[in-house]
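A.B. asks: Below you'll find the structure I mean.
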Amino acid sequence: MTGTPTLYAAFAAKIDAALSALEAEGVLPPGLPRAGVSVEPPRDPAHGDLATNAALVLAKPAGTNPRALAEGLVGKLVDDAMVTSAEIAGPGFINLRLADAVWLGELRAVAALGADYGRSLLGAGRRVNVEYVSANPTGPMHMGHCRGAVVGDALASLLEFAGHQVIREYYVNDAGGQVDVLADSVYLRYSEALGVEIGEIPPGLYPGEYLKPVGEALAREFGDKYLEAPADEWRGLFRKRAVAAMMEQIKADLAQLGIHHDVFASEAELQRAGKPAEAEAWLRAHDLVYDGHLEAPKGKTVEDWEPVELPLFRSTKFGDDQDRPIRKSDGSWTYFGADLAYHMQKAEGADELIDIWGADHAGTVKRIKAAVAALSEGKGRPIPFDVKLVQMVQLLRGGEPVKMSKRAGTFVTLAEVVEEVGKDVVRFTMLTRKPEAQMDFDFAKVVEASKDNPVFYVQYAHARIHSTLRKGAAEGIEPSDRALERLGADELALVKLAAQFPREVEAAAKAREPHRIAFYLYDLAAAFHAFWNMGNDDPGKRILLADDRELTGARLFLAGQIGQVIRNGLGILGVQAVEEL
RNA sequence: GCGCCCGUAGCUCAGCAGGAUAGAGCAUCGGAUUCCUAAUCCGGGGGUCACAGGUUCGAAUCCUGUCGGGCGCGCCA
């Protein structure tokens, strides 16, 4: 595993050393808190390559004014060979300009590291379990699942790229009542396949056509063996077969989006293994589960409400509104009761847990966080646990909302959408919005106005680069780093932006926000397109120059490395970097 | 009633764990194509960052409250 050292980290160390030197000289009092000191690219490139707020942050505790402190620091920094100028600006920022050689070195680093450029050691090999999708196995994937699937998958890749060991996990809810409904629905299709007139699908069962092949397969295999049989004889079998068929379908749908999980954990197996009971015993022993009465639901009146004694988890101790039942009155596990045990199982194989959930499950975040905290801390191994909520996607077609109802069988499937607009568009679009904000997804727009789609913009930049490399090769000119010092300010600006990539990766990984990579790639593509177009106004600025093979080689080298960074970024997002459009 | 998320240009959205003059795309107006792919680029106009307080050298960003929108609030999953 390799890591890409960022320039910013290198300079943070230099500034730290300079501060220590000032302390040693008695200019600064010892022991100043340096946590707030940052080294960043200034928002306005005219200010320089790097800026630090050290003087602003430290002036007060040092009992001096920012400018005086800044002057002391600048005195230490100007001697550095990598620094060409250090200026004090505004209230006390220090702006640094770096030698061209530093940036050219970064460009060579891209070439040397290739697909590994931007990788980070940030994660230090920590095992992170990312659970995402986990759609109920009662039907094909629909668009409601799409955003969480893409965000979760991109986050997993991002964390991997940032040095974590990632487990991609899917929780199969194959134990609840909805699976019985599924089995009954399949039974109906089974009867239908044997020639029984079934008429309208009764309300409460899944009406979708997608269950027909499952019923037909069962009819082929078992004939009319179960047609007149009581439900106990076939339900277990039908459950199993139906779930298996649905999971096969779901995996196929996910594969179309380029998503593959490492682990599919079954709720039914978890229960058979007695995990929820183990968790309950432990929680009872620690007075975190007790038998008590549930309050009546808030917000709407429930007519048949009766208080019943149930085993409750003390989630109120952890900030939840009320204690939550882990078992139903018939003794079976609630979703939460099993989920709590499931999270403990995940925690055994990971150092950190992340769940990606739809916003409609926001109300259950507190209880599961409470449960993980109680169990992992109680057992002496606290596990960081984060639930990322992905907000709803409003599906539109030409501005009109698309109505979806799983019960009525009128939902838009993921497969349809991928078929219609393509995997790359779906993935990139889902990542051009921060996940905690709602988004609209308009088919008409995404398909028809494909040239307004950011994914094409980024891919076009990559394709242009490759077309240029091909053209150069046809003329016998290969990229070369021999004369990089001939690159000018316009080229270096591009290098500087490309050199942000490792920093963007780390920032995005820390914040768990893969969408930042998408926006960064858009910016990088824009910079490249702008650079390219300079050649339209001034032929001397083109990459391919008929009369200067040396400079052409250097520019091709530059272009090739920009392409490499775009590829690496798109790789994280799971979007293809095409070489031709 | 309570909890979570959101509120930034006419529209769709960024804003890098508090930084310098708040940025893109679309739309609109005006330009660039003897060209390495114009699916591109350059420029103009357009903002009380919902509102009101607070924290500090400094707030779109953090805290409190109000308003507006979304999601949720059963032993469902």
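By order of appearance in the structure tokens: chains A, B, ..., then residues from 1 within every chain, and ligands from 1 in the order shown.
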Within 7 Å of chain A, which residues of chain B are there when counting only C-alpha atoms (C1' of nucleotides)? Please give them as a PyMOL selection string.

C.D. replies: chain B and resi 3-6+20+35-37+39-41+71-75+77

A.B. asks: Mind writing the picked residues with C-alpha atoms (C1' of nucleotides) as a compact mmCIF listing (two decimals), in the first residue's frame?

C.D. replies:
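Saved to part.txt:
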```
# COMPACT_ATOMS: atom_id res chain seq x y z
C1' G B 3 -36.98 14.07 16.27
C1' C B 4 -33.69 14.27 11.89
C1' C B 5 -32.33 16.81 7.17
C1' C B 6 -32.56 21.10 4.07
C1' A B 20 -9.24 37.27 2.37
C1' C B 35 -8.69 24.44 -34.80
C1' C B 36 -4.83 19.16 -31.15
C1' U B 37 -12.76 16.37 -31.15
C1' A B 39 -20.29 17.52 -26.37
C1' U B 40 -15.60 23.24 -25.84
C1' C B 41 -14.10 28.21 -24.49
C1' C B 71 -38.77 12.76 5.90
C1' G B 72 -40.20 10.19 10.11
C1' C B 73 -42.57 9.35 14.98
C1' G B 74 -46.87 1.30 16.16
C1' C B 75 -44.84 -5.01 18.57
C1' A B 77 -39.29 -3.25 7.84
```

A.B. asks: How would you write, as a ChimeraX atom specification, the set of residues in range 13-139 of chain A that DSSP gives as strand (DSSP E)?

C.D. replies: /A:39-40,50-52,83-89,93-98,127-131

A.B. asks: Using only C-alpha atoms (C1' of nucleotides), which protein or nucleic acid residues come within 8 Å of Gly144 in chain A? Drop anything in the same chain fewer than 2 positions from it, and give the result as a list of chain:residue names.

C.D. replies: A:Met141, A:His142, A:Cys146, A:Arg147, A:Met392, A:Val393

A.B. asks: CA of Leu414 in chain A to CA of Pro203 in chain A: how many Å, to one decimal?

C.D. replies: 24.5 Å

A.B. asks: Would you kindly return, as number ranges by chain, each protein, DNA or RNA residue with an atom no farther than 6 Å from any atom of range 473-483 of chain A, considering only C-alpha atoms (C1' of nucleotides) and excluding same-chain residues fewer than 2 positions away?

C.D. replies: A: 470-471, 485-486, 553-554, 556-557

A.B. asks: Those same residues, written as a compact mmCIF listing (two decimals), in the first residue's frame with C-alpha atoms?

C.D. replies:
```
# COMPACT_ATOMS: atom_id res chain seq x y z
CA ARG A 470 -3.02 9.37 -30.11
CA LYS A 471 -2.42 12.19 -32.53
CA GLU A 485 10.97 23.35 -17.21
CA ARG A 486 9.78 24.79 -20.50
CA GLY A 553 6.65 16.19 -25.53
CA ALA A 554 6.45 18.17 -22.30
CA LEU A 556 1.84 15.74 -23.85
CA PHE A 557 3.39 14.60 -20.59
```

A.B. asks: Using only C-alpha atoms (C1' of nucleotides), determine which residues lie at most 12 Å from Ala111 in chain A, disregarding the query and same-chain residues fewer than 5 positions distant; provide the list as a list in words.

C.D. replies: Leu104, Gly105, Glu106, Asp116, Tyr117, Gly118, Pro479, Ser480, Asp481, Ala498, Ala499, Leu556, Phe557, Leu558, Ala559, Gly560, Gln561, Ile562, Gly563, Gln564 and Val565 of chain A

A.B. asks: Mind writing the picked residues with N, CA and C atoms as an mmCIF file, in the first residue's frame?

C.D. replies:
```
data_model
loop_
_atom_site.group_PDB
_atom_site.id
_atom_site.type_symbol
_atom_site.label_atom_id
_atom_site.label_comp_id
_atom_site.auth_asym_id
_atom_site.auth_seq_id
_atom_site.Cartn_x
_atom_site.Cartn_y
_atom_site.Cartn_z
ATOM 1 N N LEU A 104 6.678 20.784 -10.723
ATOM 2 C CA LEU A 104 7.094 19.812 -11.737
ATOM 3 C C LEU A 104 7.400 18.469 -11.089
ATOM 4 N N GLY A 105 7.903 18.543 -9.878
ATOM 5 C CA GLY A 105 8.142 17.308 -9.136
ATOM 6 C C GLY A 105 6.825 16.578 -8.873
ATOM 7 N N GLU A 106 5.796 17.357 -8.583
ATOM 8 C CA GLU A 106 4.475 16.772 -8.346
ATOM 9 C C GLU A 106 3.961 16.097 -9.625
ATOM 10 N N ASP A 116 -1.964 4.831 -8.614
ATOM 11 C CA ASP A 116 -1.891 4.981 -7.163
ATOM 12 C C ASP A 116 -1.756 6.440 -6.729
ATOM 13 N N TYR A 117 -1.627 7.354 -7.706
ATOM 14 C CA TYR A 117 -1.496 8.755 -7.309
ATOM 15 C C TYR A 117 -2.767 9.215 -6.600
ATOM 16 N N GLY A 118 -2.605 9.765 -5.430
ATOM 17 C CA GLY A 118 -3.753 10.214 -4.655
ATOM 18 C C GLY A 118 -4.120 9.253 -3.542
ATOM 19 N N PRO A 479 4.985 11.507 -25.004
ATOM 20 C CA PRO A 479 5.116 12.356 -23.821
ATOM 21 C C PRO A 479 6.503 12.172 -23.210
ATOM 22 N N SER A 480 7.071 13.261 -22.735
ATOM 23 C CA SER A 480 8.409 13.162 -22.155
ATOM 24 C C SER A 480 8.581 14.200 -21.047
ATOM 25 N N ASP A 481 9.253 13.814 -19.988
ATOM 26 C CA ASP A 481 9.470 14.772 -18.896
ATOM 27 C C ASP A 481 10.856 15.418 -18.991
ATOM 28 N N ALA A 498 -4.190 19.816 -10.434
ATOM 29 C CA ALA A 498 -4.079 18.354 -10.390
ATOM 30 C C ALA A 498 -3.432 17.908 -9.079
ATOM 31 N N ALA A 499 -2.521 18.730 -8.593
ATOM 32 C CA ALA A 499 -1.808 18.383 -7.365
ATOM 33 C C ALA A 499 -2.707 18.477 -6.130
ATOM 34 N N LEU A 556 2.516 17.044 -23.818
ATOM 35 C CA LEU A 556 1.837 15.744 -23.846
ATOM 36 C C LEU A 556 1.983 15.043 -22.495
ATOM 37 N N PHE A 557 3.158 15.189 -21.918
ATOM 38 C CA PHE A 557 3.387 14.602 -20.594
ATOM 39 C C PHE A 557 2.403 15.192 -19.583
ATOM 40 N N LEU A 558 2.294 16.508 -19.624
ATOM 41 C CA LEU A 558 1.347 17.195 -18.743
ATOM 42 C C LEU A 558 -0.076 16.678 -18.977
ATOM 43 N N ALA A 559 -0.501 16.671 -20.235
ATOM 44 C CA ALA A 559 -1.866 16.242 -20.549
ATOM 45 C C ALA A 559 -2.099 14.815 -20.061
ATOM 46 N N GLY A 560 -1.104 13.969 -20.301
ATOM 47 C CA GLY A 560 -1.232 12.577 -19.878
ATOM 48 C C GLY A 560 -1.449 12.457 -18.379
ATOM 49 N N GLN A 561 -0.775 13.289 -17.618
ATOM 50 C CA GLN A 561 -0.919 13.202 -16.158
ATOM 51 C C GLN A 561 -2.261 13.764 -15.691
ATOM 52 N N ILE A 562 -2.754 14.791 -16.389
ATOM 53 C CA ILE A 562 -4.108 15.277 -16.056
ATOM 54 C C ILE A 562 -5.099 14.139 -16.290
ATOM 55 N N GLY A 563 -4.906 13.449 -17.398
ATOM 56 C CA GLY A 563 -5.770 12.310 -17.691
ATOM 57 C C GLY A 563 -5.683 11.251 -16.603
ATOM 58 N N GLN A 564 -4.482 11.037 -16.116
ATOM 59 C CA GLN A 564 -4.289 10.045 -15.042
ATOM 60 C C GLN A 564 -5.086 10.429 -13.797
ATOM 61 N N VAL A 565 -5.045 11.698 -13.443
ATOM 62 C CA VAL A 565 -5.763 12.141 -12.244
ATOM 63 C C VAL A 565 -7.274 11.993 -12.455
#
```

A.B. asks: Would you compute the distance between CA of Leu121 in chain A and CA of Ala162 in chain A? Give it in Å to one decimal.

C.D. replies: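 These two atoms are separated by 6.0 Å.
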
A.B. asks: Go through B:C62, B:G15, B:G54, B:G30 and flag the residue nearest C42 in chain B, using only C-alpha atoms (C1' of nucleotides) for the distances.

C.D. replies: B:G30

A.B. asks: May I have all residues of range 287-532 of chain A that DSSP, computed from the backbone, assigns to alpha helix (DSSP H), given as a PyMOL selection string?

C.D. replies: chain A and resi 335-348+365-378+414-421+423-430+443-448+454-474+489-498+501-511+515-532

A.B. asks: Report, in Å to a single decimal, how far apart CA of Glu233 in chain A and CA of Ile201 in chain A are.

C.D. replies: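 Calculated distance between CA of Ile201 in chain A and CA of Glu233 in chain A is 22.0 Å.
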
A.B. asks: Quick one: residues within 12 Å of C67 in chain B, only C-alpha atoms (C1' of nucleotides) counted, chain neighbours fewer than 3 positions away excluded, as a VMD selection string?

C.D. replies: chain B and resid 7 50 to 52
